[in-house]
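A.B. asks: Provided below: final_24.cif, containing mmCIF, C-alpha atoms.
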data_input
loop_
_atom_site.label_atom_id
_atom_site.label_comp_id
_atom_site.auth_asym_id
_atom_site.auth_seq_id
_atom_site.Cartn_x
_atom_site.Cartn_y
_atom_site.Cartn_z
CA MET A 1 -21.87 68.42 -4.57
CA ILE A 2 -19.20 70.86 -3.35
CA THR A 3 -20.39 74.13 -1.86
CA VAL A 4 -18.66 77.27 -0.60
CA THR A 5 -20.06 78.86 2.54
CA SER A 6 -21.28 82.46 2.37
CA THR A 7 -19.16 83.26 5.42
CA GLY A 8 -15.98 82.46 3.54
CA THR A 9 -17.16 84.52 0.56
CA LYS A 10 -17.97 87.53 2.74
CA ALA A 11 -14.64 87.32 4.55
CA THR A 12 -12.80 87.14 1.24
CA ARG A 13 -14.66 90.17 -0.11
CA VAL A 14 -13.95 92.23 3.00
CA MET A 15 -10.28 91.26 2.95
CA GLY A 16 -10.12 92.02 -0.77
CA ILE A 17 -11.51 95.52 -0.22
CA LEU A 18 -9.02 96.14 2.60
CA ALA A 19 -6.19 94.90 0.36
CA LEU A 20 -7.22 97.30 -2.42
CA ILE A 21 -7.33 100.18 0.05
CA GLY A 22 -3.90 99.21 1.38
CA MET A 23 -2.35 99.07 -2.10
CA ALA A 24 -3.89 102.45 -3.02
CA TRP A 25 -2.50 103.83 0.23
CA LEU A 26 0.94 102.48 -0.69
CA VAL A 27 0.81 104.06 -4.15
CA VAL A 28 -0.02 107.48 -2.67
CA PHE A 29 2.71 107.36 -0.03
CA GLY A 30 5.29 105.57 -2.16
CA LEU A 31 4.98 107.71 -5.29
CA VAL A 32 3.64 111.05 -4.07
CA LEU A 33 4.04 111.84 -0.37
CA SER A 34 7.39 110.20 0.33
CA PRO A 35 10.39 112.32 -0.78
CA PRO A 36 13.33 111.03 -2.85
CA ASP A 37 16.36 109.78 -0.95
CA GLU A 38 19.47 111.99 -0.71
CA ALA A 39 21.76 109.23 -2.00
CA GLN A 40 19.46 106.94 -4.02
CA GLY A 41 17.12 109.57 -5.41
CA GLU A 42 13.88 108.23 -6.90
CA ALA A 43 15.24 104.66 -6.84
CA VAL A 44 14.33 104.47 -3.16
CA ARG A 45 10.69 104.02 -4.18
CA MET A 46 11.46 100.50 -5.38
CA LEU A 47 12.30 99.61 -1.79
CA TYR A 48 8.67 100.19 -0.77
CA ILE A 49 7.90 97.04 -2.80
CA HIS A 50 11.19 95.18 -2.40
CA VAL A 51 11.43 95.27 1.40
CA PRO A 52 7.77 94.43 2.26
CA THR A 53 7.60 91.57 -0.25
CA ALA A 54 10.84 90.13 1.15
CA TRP A 55 9.52 90.30 4.72
CA LEU A 56 6.19 88.75 3.70
CA ALA A 57 7.96 85.99 1.74
CA PHE A 58 9.89 85.06 4.90
CA LEU A 59 6.62 85.12 6.87
CA ALA A 60 4.84 82.98 4.27
CA PHE A 61 7.58 80.36 4.27
CA GLY A 62 7.63 80.46 8.07
CA ILE A 63 3.91 79.65 8.11
CA THR A 64 4.56 76.83 5.65
CA ALA A 65 7.22 75.40 7.95
CA LEU A 66 5.04 75.77 11.06
CA SER A 67 2.04 74.17 9.36
CA SER A 68 4.25 71.34 8.08
CA ALA A 69 5.55 70.68 11.59
CA LEU A 70 2.00 70.68 12.97
CA TYR A 71 0.99 68.15 10.34
CA LEU A 72 3.91 65.84 11.13
CA PHE A 73 3.18 66.01 14.88
CA PRO A 74 0.67 63.19 15.54
CA LYS A 75 -1.51 65.09 18.03
CA THR A 76 -2.10 68.02 15.65
CA ARG A 77 -2.13 66.11 12.34
CA ALA A 78 -4.91 67.37 10.07
CA MET A 79 -5.25 67.96 6.34
CA ALA A 80 -6.07 71.60 7.05
CA TRP A 81 -2.43 72.19 8.01
CA ASP A 82 -1.29 70.73 4.70
CA ARG A 83 -3.60 73.08 2.82
CA VAL A 84 -2.35 76.09 4.78
CA ALA A 85 1.26 75.05 4.13
CA GLY A 86 0.68 74.71 0.39
CA ALA A 87 -1.25 77.96 0.07
CA SER A 88 1.32 79.95 2.04
CA ALA A 89 4.20 78.47 0.05
CA GLU A 90 2.55 79.45 -3.22
CA ILE A 91 2.09 83.04 -2.07
CA GLY A 92 5.63 83.07 -0.68
CA VAL A 93 6.99 82.07 -4.10
CA LEU A 94 4.99 84.92 -5.67
CA TYR A 95 6.39 87.42 -3.17
CA THR A 96 9.92 86.09 -3.59
CA GLY A 97 9.60 86.57 -7.34
CA LEU A 98 8.44 90.17 -6.80
CA THR A 99 11.37 90.68 -4.41
CA LEU A 100 13.87 89.49 -7.01
CA VAL A 101 12.33 91.62 -9.79
CA ALA A 102 12.10 94.79 -7.69
CA GLY A 103 15.58 94.20 -6.30
CA SER A 104 17.02 93.73 -9.80
CA ILE A 105 15.49 97.01 -11.00
CA TRP A 106 16.81 98.80 -7.92
CA GLY A 107 20.24 97.18 -8.43
CA ARG A 108 20.39 98.34 -12.06
CA ILE A 109 19.81 101.93 -10.95
CA THR A 110 22.15 101.93 -7.94
CA TRP A 111 24.80 99.29 -8.80
CA GLY A 112 24.69 99.52 -12.59
CA VAL A 113 23.78 95.83 -13.08
CA TYR A 114 20.56 93.85 -12.80
CA TRP A 115 22.21 90.87 -11.15
CA THR A 116 25.36 89.92 -9.33
CA TRP A 117 26.18 86.74 -7.44
CA ASP A 118 25.95 88.53 -4.13
CA ALA A 119 25.29 86.35 -1.06
CA ARG A 120 21.85 87.86 -0.36
CA LEU A 121 20.78 87.65 -4.01
CA THR A 122 22.08 84.11 -4.43
CA THR A 123 20.44 82.73 -1.29
CA THR A 124 17.17 84.47 -2.22
CA ALA A 125 17.26 82.92 -5.69
CA LEU A 126 17.96 79.54 -4.08
CA LEU A 127 14.98 80.05 -1.77
CA PHE A 128 12.81 80.77 -4.81
CA VAL A 129 13.97 77.57 -6.54
CA LEU A 130 13.57 75.42 -3.41
CA PHE A 131 9.95 76.38 -2.91
CA LEU A 132 9.23 76.07 -6.63
CA GLY A 133 10.38 72.49 -6.16
CA TYR A 134 8.09 72.20 -3.13
CA LEU A 135 5.12 73.32 -5.23
CA ALA A 136 6.07 70.87 -7.98
CA LEU A 137 6.21 68.08 -5.38
CA ARG A 138 2.64 68.88 -4.36
CA ARG A 139 1.49 68.16 -7.92
CA LEU A 140 2.93 64.65 -8.10
CA PRO A 141 0.29 61.87 -8.09
CA ALA A 142 -0.32 60.53 -4.57
CA SER A 143 -2.99 60.20 -1.94
CA HIS A 144 -3.73 63.21 0.22
CA GLU A 145 -1.87 61.72 3.17
CA GLN A 146 1.19 60.75 1.12
CA ARG A 147 1.35 64.22 -0.44
CA ALA A 148 0.97 65.92 2.90
CA ARG A 149 3.67 63.83 4.57
CA ARG A 150 6.35 64.24 1.92
CA CYS A 151 5.56 67.92 1.36
CA ALA A 152 5.73 68.62 5.08
CA MET A 153 9.25 67.23 5.21
CA ALA A 154 10.23 69.11 2.04
CA GLY A 155 8.81 72.36 3.44
CA LEU A 156 10.85 72.06 6.62
CA ILE A 157 14.02 71.34 4.65
CA ALA A 158 13.46 74.27 2.26
CA PHE A 159 12.80 76.64 5.17
CA VAL A 160 16.41 76.18 6.35
CA ASP A 161 17.43 78.68 3.65
CA VAL A 162 15.25 81.45 5.17
CA PRO A 163 17.49 82.26 8.18
CA ILE A 164 20.55 81.85 5.95
CA THR A 165 19.13 84.41 3.50
CA TYR A 166 18.23 86.80 6.30
CA ALA A 167 21.67 86.62 7.95
CA SER A 168 23.69 86.56 4.72
CA VAL A 169 24.51 90.28 4.85
CA GLU A 170 25.98 89.76 8.32
CA TRP A 171 27.83 86.50 7.63
CA TRP A 172 29.47 87.51 4.33
CA ARG A 173 30.71 90.72 2.73
CA THR A 174 27.96 91.68 0.29
CA LEU A 175 26.92 94.53 -1.96
CA HIS A 176 23.45 94.33 -0.48
CA GLN A 177 22.90 96.87 2.26
CA GLY A 178 22.23 95.72 5.81
CA SER A 179 18.96 95.98 7.68
CA THR A 180 17.54 99.50 7.72
CA VAL A 181 15.40 98.79 10.78
CA ARG A 182 17.26 96.50 13.18
CA GLU A 183 15.31 97.15 16.34
CA ILE A 184 13.19 99.80 18.01
CA GLY A 185 15.34 102.84 18.70
CA ASP A 186 17.89 101.98 15.99
CA VAL A 187 16.24 103.26 12.81
CA GLN A 188 18.48 104.45 9.97
CA ILE A 189 15.83 106.05 7.75
CA SER A 190 13.77 109.25 7.73
CA GLY A 191 10.28 109.29 9.22
CA SER A 192 8.29 109.61 5.98
CA MET A 193 10.26 106.82 4.30
CA LEU A 194 9.89 104.57 7.33
CA PHE A 195 6.14 105.19 7.32
CA SER A 196 5.98 104.36 3.60
CA LEU A 197 7.75 101.06 4.37
CA PHE A 198 5.19 100.44 7.11
CA VAL A 199 2.36 101.14 4.65
CA GLY A 200 3.94 98.67 2.22
CA VAL A 201 4.13 95.96 4.87
CA VAL A 202 0.47 96.51 5.84
CA ALA A 203 -0.69 96.51 2.20
CA PHE A 204 1.17 93.35 1.22
CA THR A 205 0.05 91.64 4.44
CA LEU A 206 -3.58 92.33 3.54
CA VAL A 207 -2.97 90.93 0.06
CA TYR A 208 -1.35 87.87 1.64
CA LEU A 209 -4.36 87.26 3.89
CA TRP A 210 -6.76 87.73 0.98
CA LEU A 211 -4.83 85.24 -1.16
CA MET A 212 -4.64 82.79 1.75
CA LEU A 213 -8.43 82.78 2.09
CA HIS A 214 -8.74 82.09 -1.63
CA LYS A 215 -6.02 79.45 -1.87
CA THR A 216 -7.00 77.43 1.20
CA ARG A 217 -10.63 77.31 0.08
CA ILE A 218 -9.58 76.25 -3.43
CA ALA A 219 -7.32 73.55 -1.96
CA MET A 220 -10.20 72.26 0.15
CA MET A 221 -12.46 72.15 -2.91
CA GLU A 222 -9.77 70.33 -4.95
CA ASP A 223 -9.35 67.71 -2.21
CA ALA A 224 -13.11 67.23 -2.00
CA LEU A 225 -13.31 66.92 -5.78
CA ASP A 226 -10.54 64.32 -5.78
CA ASP A 227 -12.33 62.35 -3.06
CA HIS A 228 -15.62 62.58 -4.94
CA GLY A 229 -13.95 61.42 -8.14
CA LEU A 230 -12.38 58.47 -6.31
CA ASP A 231 -15.73 57.51 -4.79
CA LEU A 232 -17.37 57.69 -8.21
CA ALA A 233 -14.64 55.51 -9.75
CA LEU A 234 -15.07 52.91 -6.98
CA GLU A 235 -18.83 52.86 -7.51
CA GLN A 236 -18.32 52.29 -11.23
CA ARG A 237 -15.91 49.43 -10.57
CA ARG A 238 -18.37 47.84 -8.13
CA ALA A 239 -21.11 48.16 -10.76
CA GLU A 240 -18.87 46.47 -13.33
CA ALA A 241 -18.14 43.64 -10.88
CA VAL A 242 -21.85 43.10 -10.29
CA GLU A 243 -22.51 42.94 -14.03
CA VAL A 244 -19.75 40.34 -14.44
CA ASP A 245 -21.20 38.20 -11.63
CA VAL A 246 -24.63 38.33 -13.18
#
Rewrite the coordinates I just gave you, this time as structure tokens.

C.D. replies:
Amino acid sequence: MITVTSTGTKATRVMGILALIGMAWLVVFGLVLSPPDEAQGEAVRMLYIHVPTAWLAFLAFGITALSSALYLFPKTRAMAWDRVAGASAEIGVLYTGLTLVAGSIWGRITWGVYWTWDARLTTTALLFVLFLGYLALRRLPASHEQRARRCAMAGLIAFVDVPITYASVEWWRTLHQGSTVREIGDVQISGSMLFSLFVGVVAFTLVYLWLMLHKTRIAMMEDALDDHGLDLALEQRRAEAVEVDV
């Protein structure tokens, strides 16, 4: 029998409430309190979704890569790292999809087109496809250890595109604007808009943590169910062998 601890349930509920508060906070600041931009007008409000989801997608894929490396390292090898890597990759794909959608809407308003083969857009789309492939690889039939080993290597390979995507606006001439916040003391955005971006990052981080709690627990339950099913199948085969002997 597979059970879920009450501690995990309580933590998920608390994180879920915080995530809802964060998203409500973002809606108020993003749609009401933050003013329109002088150049972009109301289109700037799309950036309060586009920028935080892009940052969180990079973070999610970074956690996937780190967890994959920890699994491959013999002294830290544990199935928990594989579950964290898979859960974070799935959320990262979700956030990357939101980034592409929000960016396309913003591009239609400011550039006049939904899509162009700009370096930042192209590398982001490639990142989306690479980690979709990673998730598909996790669904191929294999033992837990085989799945974890091959997915860890695939996660590290796919992560190579993250720094390329981040630096694409610096390496190539692109339509996509450069970083608005490069470092502390070099901020090229008004205070209220910067705070709205901060609210967006906090809100989507809380959602990420809430989803991570859910996904890692589900992955643990799926692994336990697979193991239980395998044990049951072996018991049935042993019973069949005994009947044949008799």

A.B. asks: With the file shown as input, list the residues that the PyMOL selection byres ((chain A and resi 92) around 10) selects, as a list in words.

C.D. replies: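 Applying the expression gives Thr53, Ala54, Trp55, Leu56, Ala57, Phe58, Leu59, Ala60, Phe61, Gly62, Ile63, Thr64, Gly86, Ala87, Ser88, Ala89, Glu90, Ile91, Val93, Leu94, Tyr95, Thr96, Gly97, Leu98, Leu127, Phe128, Phe131, Leu132 and Tyr208 of chain A.
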
A.B. asks: Could you give me, as a PyMOL selection string, the residues that sit within 10 Å of (-8.6, 77.5, -0.1) in the file's coordinates, counting all atoms listed in the file?

C.D. replies: chain A and resi 8+80+83-84+86-87+211-222

A.B. asks: I need the residues from that last selection saved to file as a PDB file, keeping the file's coordinate frame (with C-alpha atoms), if you can.

C.D. replies:
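As written to disk, out.pdb reads:
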ATOM      1  CA  GLY A   8     -15.980  82.460   3.540  1.00  0.00           C
ATOM      2  CA  ALA A  80      -6.070  71.600   7.050  1.00  0.00           C
ATOM      3  CA  ARG A  83      -3.600  73.080   2.820  1.00  0.00           C
ATOM      4  CA  VAL A  84      -2.350  76.090   4.780  1.00  0.00           C
ATOM      5  CA  GLY A  86       0.680  74.710   0.390  1.00  0.00           C
ATOM      6  CA  ALA A  87      -1.250  77.960   0.070  1.00  0.00           C
ATOM      7  CA  LEU A 211      -4.830  85.240  -1.160  1.00  0.00           C
ATOM      8  CA  MET A 212      -4.640  82.790   1.750  1.00  0.00           C
ATOM      9  CA  LEU A 213      -8.430  82.780   2.090  1.00  0.00           C
ATOM     10  CA  HIS A 214      -8.740  82.090  -1.630  1.00  0.00           C
ATOM     11  CA  LYS A 215      -6.020  79.450  -1.870  1.00  0.00           C
ATOM     12  CA  THR A 216      -7.000  77.430   1.200  1.00  0.00           C
ATOM     13  CA  ARG A 217     -10.630  77.310   0.080  1.00  0.00           C
ATOM     14  CA  ILE A 218      -9.580  76.250  -3.430  1.00  0.00           C
ATOM     15  CA  ALA A 219      -7.320  73.550  -1.960  1.00  0.00           C
ATOM     16  CA  MET A 220     -10.200  72.260   0.150  1.00  0.00           C
ATOM     17  CA  MET A 221     -12.460  72.150  -2.910  1.00  0.00           C
ATOM     18  CA  GLU A 222      -9.770  70.330  -4.950  1.00  0.00           C
TER      19      GLU A 222
END

A.B. asks: I would like the residues chosen by the PyMOL selection byres ((chain A and resi 100) around 8) on the shown file; could you give them as a ChimeraX atom specification?

C.D. replies: /A:50,96-99,101-104,121,124-125

A.B. asks: May I have the centre and edge lengths, in Å to one decimal, of an axis-aligned box around the listed atoms of region 116-127 of chain A with 4 Å added to every side, as lines of an AutoDock Vina configuration file?

C.D. replies:
center_x = 20.6
center_y = 84.7
center_z = -4.8
size_x = 19.2
size_y = 18.4
size_z = 17.0

A.B. asks: Which residue, A:Phe198, A:Trp106, A:Tyr166, A:Phe159, has the smallest gap to Gly41 (chain A) when you use only C-alpha atoms?

C.D. replies: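 For Gly41 (chain A), the nearest of the candidates is A:Trp106.
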
A.B. asks: Would you work out the distance separating CA of Ile105 (chain A) from CA of Phe204 (chain A), expressed in Å to one decimal?

C.D. replies: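 If I compute the distance from CA of Ile105 (chain A) to CA of Phe204 (chain A), I get 19.2 Å.
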
A.B. asks: Do you know which residues are at most 8 Å from Leu26 (chain A) counting all atoms listed in the file, after dropping those on the same chain fewer than 2 positions away, and could you put them as a ChimeraX atom specification?

C.D. replies: /A:22-24,28-30,196,199-200,203

A.B. asks: Between CA of Met79 (chain A) and CA of Ala152 (chain A), what distance in Å does the model show, to one decimal?

C.D. replies: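 Between CA of Met79 (chain A) and CA of Ala152 (chain A) the gap works out to 11.1 Å.
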
A.B. asks: Using only C-alpha atoms, find the one residue out of A:Leu66, A:Ala142, A:Ile109, A:Ala224 that sits nearest to Ala43 (chain A).

C.D. replies: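 Closest residue, counting only C-alpha atoms: A:Ile109.
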
A.B. asks: List the residues sitting within 12 Å of (15.8, 72.1, -2.6) in the file's frame, using all atoms listed in the file, as a PyMOL selection string.

C.D. replies: chain A and resi 123+125-137+151+153-161

A.B. asks: Using only C-alpha atoms, determine which residues lie at most 8 Å from Gln40 (chain A), disregarding the query and same-chain residues fewer than 4 positions distant; provide the list as a PyMOL selection string.

C.D. replies: chain A and resi 36+44+110

A.B. asks: Taking the file as shown, find all residues satisfying the PyMOL selection byres ((chain A and resi 18) around 12) and write them as JSON, numbers by chain.

C.D. replies: {"A": [11, 12, 13, 14, 15, 16, 17, 19, 20, 21, 22, 23, 24, 25, 202, 203, 204, 205, 206, 207, 208, 209, 210]}

A.B. asks: Quote the spacing between CA of Ile49 (chain A) and CA of Ser68 (chain A) in Å to one decimal place.

C.D. replies: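 Pair CA of Ile49 (chain A) / CA of Ser68 (chain A) returns 28.1 Å.
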
A.B. asks: Name the closest residue to Gly107 (chain A) among the candidates A:Met46, A:Ala69, A:Ile164, A:Trp81; distances are taken between atoms, counting only C-alpha atoms.

C.D. replies: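 The shortest atom-to-atom distance to Gly107 (chain A) comes from A:Met46.
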
A.B. asks: Point out the residue among A:Phe73, A:Tyr48, A:Lys10, A:Val32 with the least atom-to-atom distance to Leu194 (chain A), counting all atoms listed in the file.

C.D. replies: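 For Leu194 (chain A), the nearest of the given residues is A:Tyr48.
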
A.B. asks: Between A:Glu42, A:Asp226, A:Glu170, A:Glu145, which is the closest to Asp82 (chain A) once you count all atoms listed in the file?

C.D. replies: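 Closest candidate: A:Glu145.
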
A.B. asks: Would you mind putting back N, CA and C atoms on region 107-120 of chain A, then writing it out as a CSV table (one decimal), in the coordinates of the input?

C.D. replies:
chain,number,residue,atom,x,y,z
A,107,GLY,N,18.8,97.4,-8.2
A,107,GLY,CA,20.2,97.2,-8.4
A,107,GLY,C,20.8,97.8,-9.7
A,108,ARG,N,20.0,97.7,-10.8
A,108,ARG,CA,20.4,98.3,-12.1
A,108,ARG,C,20.6,99.8,-11.9
A,109,ILE,N,19.7,100.5,-11.1
A,109,ILE,CA,19.8,101.9,-11.0
A,109,ILE,C,21.0,102.3,-10.0
A,110,THR,N,21.2,101.5,-9.0
A,110,THR,CA,22.2,101.9,-7.9
A,110,THR,C,23.5,101.3,-8.2
A,111,TRP,N,23.5,100.0,-8.6
A,111,TRP,CA,24.8,99.3,-8.8
A,111,TRP,C,25.3,99.3,-10.3
A,112,GLY,N,24.3,99.6,-11.2
A,112,GLY,CA,24.7,99.5,-12.6
A,112,GLY,C,24.5,98.2,-13.2
A,113,VAL,N,24.0,97.2,-12.5
A,113,VAL,CA,23.8,95.8,-13.1
A,113,VAL,C,22.5,95.3,-12.5
A,114,TYR,N,21.8,94.5,-13.3
A,114,TYR,CA,20.6,93.8,-12.8
A,114,TYR,C,20.8,92.7,-11.8
A,115,TRP,N,22.0,92.0,-12.0
A,115,TRP,CA,22.2,90.9,-11.2
A,115,TRP,C,23.7,90.7,-10.9
A,116,THR,N,24.0,90.3,-9.7
A,116,THR,CA,25.4,89.9,-9.3
A,116,THR,C,25.3,88.8,-8.3
A,117,TRP,N,26.3,87.9,-8.3
A,117,TRP,CA,26.2,86.7,-7.4
A,117,TRP,C,26.6,87.1,-6.0
A,118,ASP,N,25.8,88.1,-5.5
A,118,ASP,CA,26.0,88.5,-4.1
A,118,ASP,C,25.3,87.5,-3.2
A,119,ALA,N,25.8,87.4,-2.0
A,119,ALA,CA,25.3,86.4,-1.1
A,119,ALA,C,23.8,86.5,-0.8
A,120,ARG,N,23.3,87.7,-0.6
A,120,ARG,CA,21.8,87.9,-0.4
A,120,ARG,C,21.1,87.5,-1.6
